[in-house]
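To start, the structure under review is shown below, and the notes come after it.
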Amino acid sequence: MTFIFAHRGSAGTHPENTMESFIAAEKSGAEGLELDVHLSKDGEIVVIHDETVDRTTNGKGFVHQLTVAELKELNASYKFKTFQSFIRSPKIPTLKEVFEWMRGNNLLCNIEMKNGKIMYPLLEEKVIQLIRDYRYEERIIISSFNHYSLVRCYQLAPELETAPLYSDGLYMPWIYAKAIHSKGLHPNFKAAPNMIIQEAMANGIAVRPYTVNKESDMERLIAIQCSAIITDYPEKAFKIRKKL
Ligand code: G3P
Ligand code: CA
């Protein structure tokens with residue numbers, strides 16, 4: 001069965017990377033969440049997509065130049081106009097808050113390390129420590145466009161699953177995945193033809209393409225029993241999977 005991972009939560013219908021979006025994802029029937037992490041000025045792991053708060057909140061500035069207390073003052077649904085009218089100012093969550101909430105469900109969680117444009121010292125160490133504190137080793141997949149970061153995670157915690165993100169075609173990507181000790185591949189769905197997905201899976205590598213929002217793309221990937229899809233619309237994906 002193709003698992004459904006809710007991209008930044010149910011980001012198509014709720015403000016991305018907020019608890020509201022994650023709760024909606026759980027209600028949709030998704031098996032997993034995808035979320036993005038950065039470090040705040042005071043070294044907390046915070047869940048937000050961009051390096052700055054400008055696009056998704058009513059604030060301005062770099063995440064790493066703001067403390068958690070300052071980040072918590074911001075309205076994380078400010079730019080999500082349709083939703084903003086009926087909820088009260090969702091906050092930027094910390095990863096610890098998300099993990100605490102995950103105690104009450106069985107969701108998997110794909111953590112994307114956003115340590116590309118800004119290099120966060122000790123991000124890998126901190127994320128791994130938190131995973132171990134909660135004993136979530138079996139529930140977490142770590143992904144990143146920064147493949148060095150994934151190798152660092154493997155060195156620190158070989159028991160964890162890592163998966164490189166990529167957007168261009170890789171030649172025999174399952175060989176690449178194995179070379180960097182990854183058990184998964186997270187390609188842009190446009191760089192993931194059926195043959196490559198099937199060959200990777202036959203070689204023991206899980207494939208979870210992103211960000212699959214169109215019905216026809218969902219149908220294609222679910223029909224070939226791709227390991228998972230990462231989508232802004234988990235509810236829609238769930239209905240399609242049920243139908244097929
Ligand atoms: O995990 C897949 C996807 O989230 C990668 O791109 O920019 O949405 O973080 P982005
Ligand atoms: Ca992401």
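Going through the structure tokens in order, the chains are called A, B, and so on, while each chain numbers its residues from 1 and the ligands are numbered from 1 in the order shown.
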
Go through chain A and flag each residue having an atom no more than 7 Å from ligand 1; for those, report the closest pair of atoms plus their distance in Å to one decimal, using only C-alpha atoms and all ligand atoms, ordered by chain and rising number, as JSON lines.
```
{"residue": "A:His7", "atom": "CA", "partner": "ligand 1", "partner_atom_place_in_ligand_line": "4 (O)", "distance": 6.2}
{"residue": "A:Glu34", "atom": "CA", "partner": "ligand 1", "partner_atom_place_in_ligand_line": "1 (O)", "distance": 6.2}
{"residue": "A:Asp36", "atom": "CA", "partner": "ligand 1", "partner_atom_place_in_ligand_line": "9 (O)", "distance": 6.5}
{"residue": "A:His49", "atom": "CA", "partner": "ligand 1", "partner_atom_place_in_ligand_line": "9 (O)", "distance": 6.3}
{"residue": "A:Glu112", "atom": "CA", "partner": "ligand 1", "partner_atom_place_in_ligand_line": "1 (O)", "distance": 6.3}
{"residue": "A:Ser143", "atom": "CA", "partner": "ligand 1", "partner_atom_place_in_ligand_line": "1 (O)", "distance": 6.9}
{"residue": "A:Leu165", "atom": "CA", "partner": "ligand 1", "partner_atom_place_in_ligand_line": "2 (C)", "distance": 6.7}
{"residue": "A:His186", "atom": "CA", "partner": "ligand 1", "partner_atom_place_in_ligand_line": "1 (O)", "distance": 6.7}
{"residue": "A:Tyr210", "atom": "CA", "partner": "ligand 1", "partner_atom_place_in_ligand_line": "2 (C)", "distance": 4.9}
{"residue": "A:Thr211", "atom": "CA", "partner": "ligand 1", "partner_atom_place_in_ligand_line": "2 (C)", "distance": 6.2}
{"residue": "A:Ile230", "atom": "CA", "partner": "ligand 1", "partner_atom_place_in_ligand_line": "2 (C)", "distance": 6.6}
```

Can I get the selected residues back with N, CA and C atoms, as a PDB file, in the first residue's frame?
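This went into selection.pdb:
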```
ATOM      1  N   HIS A   7       2.383  16.878   3.437  1.00  0.00           N
ATOM      2  CA  HIS A   7       3.483  17.821   3.229  1.00  0.00           C
ATOM      3  C   HIS A   7       3.290  19.109   4.022  1.00  0.00           C
ATOM      4  N   GLU A  34       5.177  15.345   6.853  1.00  0.00           N
ATOM      5  CA  GLU A  34       6.476  15.875   6.457  1.00  0.00           C
ATOM      6  C   GLU A  34       6.553  17.248   7.062  1.00  0.00           C
ATOM      7  N   ASP A  36       9.552  20.689   8.217  1.00  0.00           N
ATOM      8  CA  ASP A  36      10.881  21.268   7.969  1.00  0.00           C
ATOM      9  C   ASP A  36      11.437  21.860   9.261  1.00  0.00           C
ATOM     10  N   HIS A  49       9.324  26.324   7.243  1.00  0.00           N
ATOM     11  CA  HIS A  49       9.957  25.957   5.971  1.00  0.00           C
ATOM     12  C   HIS A  49      11.120  26.857   5.580  1.00  0.00           C
ATOM     13  N   GLU A 112      12.538  17.139   7.487  1.00  0.00           N
ATOM     14  CA  GLU A 112      13.486  17.658   6.498  1.00  0.00           C
ATOM     15  C   GLU A 112      14.422  18.656   7.159  1.00  0.00           C
ATOM     16  N   SER A 143      15.163  13.527   5.968  1.00  0.00           N
ATOM     17  CA  SER A 143      15.503  13.832   4.577  1.00  0.00           C
ATOM     18  C   SER A 143      16.176  15.191   4.502  1.00  0.00           C
ATOM     19  N   LEU A 165      16.755  14.071  -0.741  1.00  0.00           N
ATOM     20  CA  LEU A 165      15.810  14.790  -1.608  1.00  0.00           C
ATOM     21  C   LEU A 165      16.563  15.198  -2.861  1.00  0.00           C
ATOM     22  N   HIS A 186      13.742  10.466  -1.882  1.00  0.00           N
ATOM     23  CA  HIS A 186      12.620  11.396  -1.951  1.00  0.00           C
ATOM     24  C   HIS A 186      12.806  12.320  -3.162  1.00  0.00           C
ATOM     25  N   TYR A 210       7.786  13.736  -3.907  1.00  0.00           N
ATOM     26  CA  TYR A 210       7.125  14.964  -3.465  1.00  0.00           C
ATOM     27  C   TYR A 210       6.843  15.829  -4.687  1.00  0.00           C
ATOM     28  N   THR A 211       6.126  16.879  -4.679  1.00  0.00           N
ATOM     29  CA  THR A 211       4.951  17.113  -3.853  1.00  0.00           C
ATOM     30  C   THR A 211       3.798  16.814  -4.797  1.00  0.00           C
ATOM     31  N   ILE A 230       4.215  12.239  -0.991  1.00  0.00           N
ATOM     32  CA  ILE A 230       4.208  13.396  -0.085  1.00  0.00           C
ATOM     33  C   ILE A 230       3.331  14.444  -0.759  1.00  0.00           C
TER      34      ILE A 230
END
```

Legend entry - Test item, strand (DSSP E) assignment across segment 150-234 of chain A, answer as a count of residues only: 16

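The nearest approach to ligand 2 among the residues A:Ser40, A:Asn188, A:Thr52, A:Ser216, with only C-alpha atoms and all ligand atoms taken into account, belongs to A:Asn188.
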
Inset, instruction - Find, counting only C-alpha atoms and all ligand atoms, the residue in A:Asn194, A:Asn106, A:Gln65, A:Asn17 that gets nearest to ligand 2. - result: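 Ranked by minimum distance to ligand 2, first place goes to A:Asn17.
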
Inset, instruction - Identify which of the residues A:Leu71, A:Ile229, A:Ile180, A:Val212 lies closest to Asn110 of chain A, counting only C-alpha atoms when measuring atom-to-atom distances. - result: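 Using only C-alpha atoms, the shortest distance to Asn110 of chain A belongs to A:Ile229.
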
Inset, instruction - Find the residue from A:Leu74, A:Ile23, A:Phe145, A:Gly12 that sits nearest to Lys214 of chain A; use only C-alpha atoms when measuring. - result: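 For Lys214 of chain A, the nearest of the candidates is A:Gly12.
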
Inset, instruction - Extract, using only C-alpha atoms, all DNA, RNA and protein residues at most 10 Å from Gly9 of chain A, discarding same-chain residues fewer than 2 positions from it, and format them as number ranges by chain. - result: A: 5-7, 11-26, 30, 32-35, 230-234

Kindly save the residues from that selection, with N, CA and C atoms included, as a tab-separated table (two decimals), in the first residue's frame.
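Saved file selection-v1.tsv follows:
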```tsv
chain	number	residue	atom	x	y	z
A	5	PHE	N	1.98	10.83	3.03
A	5	PHE	CA	2.67	11.75	3.93
A	5	PHE	C	2.15	13.17	3.65
A	6	ALA	N	1.69	13.81	4.69
A	6	ALA	CA	1.11	15.15	4.53
A	6	ALA	C	2.22	16.20	4.56
A	7	HIS	N	2.38	16.88	3.44
A	7	HIS	CA	3.48	17.82	3.23
A	7	HIS	C	3.29	19.11	4.02
A	11	ALA	N	-0.97	21.10	4.07
A	11	ALA	CA	-0.64	22.49	3.72
A	11	ALA	C	-1.51	23.08	2.62
A	12	GLY	N	-2.23	22.21	1.89
A	12	GLY	CA	-3.12	22.75	0.86
A	12	GLY	C	-4.34	23.42	1.44
A	13	THR	N	-4.70	23.03	2.66
A	13	THR	CA	-5.95	23.53	3.24
A	13	THR	C	-5.74	24.22	4.60
A	14	HIS	N	-4.54	24.15	5.13
A	14	HIS	CA	-4.25	24.72	6.45
A	14	HIS	C	-2.90	25.43	6.41
A	15	PRO	N	-2.65	26.34	7.33
A	15	PRO	CA	-1.35	27.03	7.31
A	15	PRO	C	-0.20	26.04	7.56
A	16	GLU	N	0.73	26.04	6.63
A	16	GLU	CA	1.79	25.02	6.63
A	16	GLU	C	2.60	24.97	7.92
A	17	ASN	N	3.05	23.76	8.25
A	17	ASN	CA	3.95	23.57	9.41
A	17	ASN	C	3.41	24.17	10.71
A	18	THR	N	2.10	24.03	10.92
A	18	THR	CA	1.51	24.43	12.21
A	18	THR	C	0.84	23.20	12.82
A	19	MET	N	0.56	23.24	14.09
A	19	MET	CA	-0.13	22.12	14.73
A	19	MET	C	-1.49	21.91	14.08
A	20	GLU	N	-2.15	22.98	13.68
A	20	GLU	CA	-3.46	22.86	13.02
A	20	GLU	C	-3.34	22.02	11.75
A	21	SER	N	-2.27	22.26	11.02
A	21	SER	CA	-2.04	21.54	9.78
A	21	SER	C	-1.72	20.06	10.06
A	22	PHE	N	-1.00	19.80	11.14
A	22	PHE	CA	-0.64	18.41	11.49
A	22	PHE	C	-1.87	17.66	12.02
A	23	ILE	N	-2.68	18.34	12.79
A	23	ILE	CA	-3.89	17.70	13.32
A	23	ILE	C	-4.83	17.35	12.16
A	24	ALA	N	-4.96	18.26	11.22
A	24	ALA	CA	-5.81	17.99	10.05
A	24	ALA	C	-5.25	16.81	9.26
A	25	ALA	N	-3.95	16.71	9.17
A	25	ALA	CA	-3.32	15.59	8.45
A	25	ALA	C	-3.66	14.27	9.13
A	26	GLU	N	-3.59	14.27	10.43
A	26	GLU	CA	-3.91	13.03	11.14
A	26	GLU	C	-5.36	12.63	10.89
A	30	ALA	N	-3.89	10.16	6.81
A	30	ALA	CA	-2.50	10.02	6.36
A	30	ALA	C	-1.71	9.17	7.36
A	32	GLY	N	1.61	9.60	7.60
A	32	GLY	CA	2.77	10.36	8.04
A	32	GLY	C	2.68	11.85	7.79
A	33	LEU	N	3.60	12.57	8.43
A	33	LEU	CA	3.75	14.01	8.23
A	33	LEU	C	5.10	14.26	7.59
A	34	GLU	N	5.18	15.35	6.85
A	34	GLU	CA	6.48	15.87	6.46
A	34	GLU	C	6.55	17.25	7.06
A	35	LEU	N	7.70	17.61	7.65
A	35	LEU	CA	7.87	18.95	8.21
A	35	LEU	C	9.33	19.38	8.05
A	230	ILE	N	4.21	12.24	-0.99
A	230	ILE	CA	4.21	13.40	-0.09
A	230	ILE	C	3.33	14.44	-0.76
A	231	THR	N	2.24	14.85	-0.09
A	231	THR	CA	1.25	15.70	-0.74
A	231	THR	C	0.71	16.78	0.20
A	232	ASP	N	0.33	17.91	-0.40
A	232	ASP	CA	-0.34	18.98	0.36
A	232	ASP	C	-1.79	18.61	0.65
A	233	TYR	N	-2.29	17.59	-0.06
A	233	TYR	CA	-3.72	17.25	0.04
A	233	TYR	C	-3.92	15.79	0.47
A	234	PRO	N	-3.59	15.46	1.71
A	234	PRO	CA	-3.70	14.06	2.15
A	234	PRO	C	-5.12	13.52	2.08
```
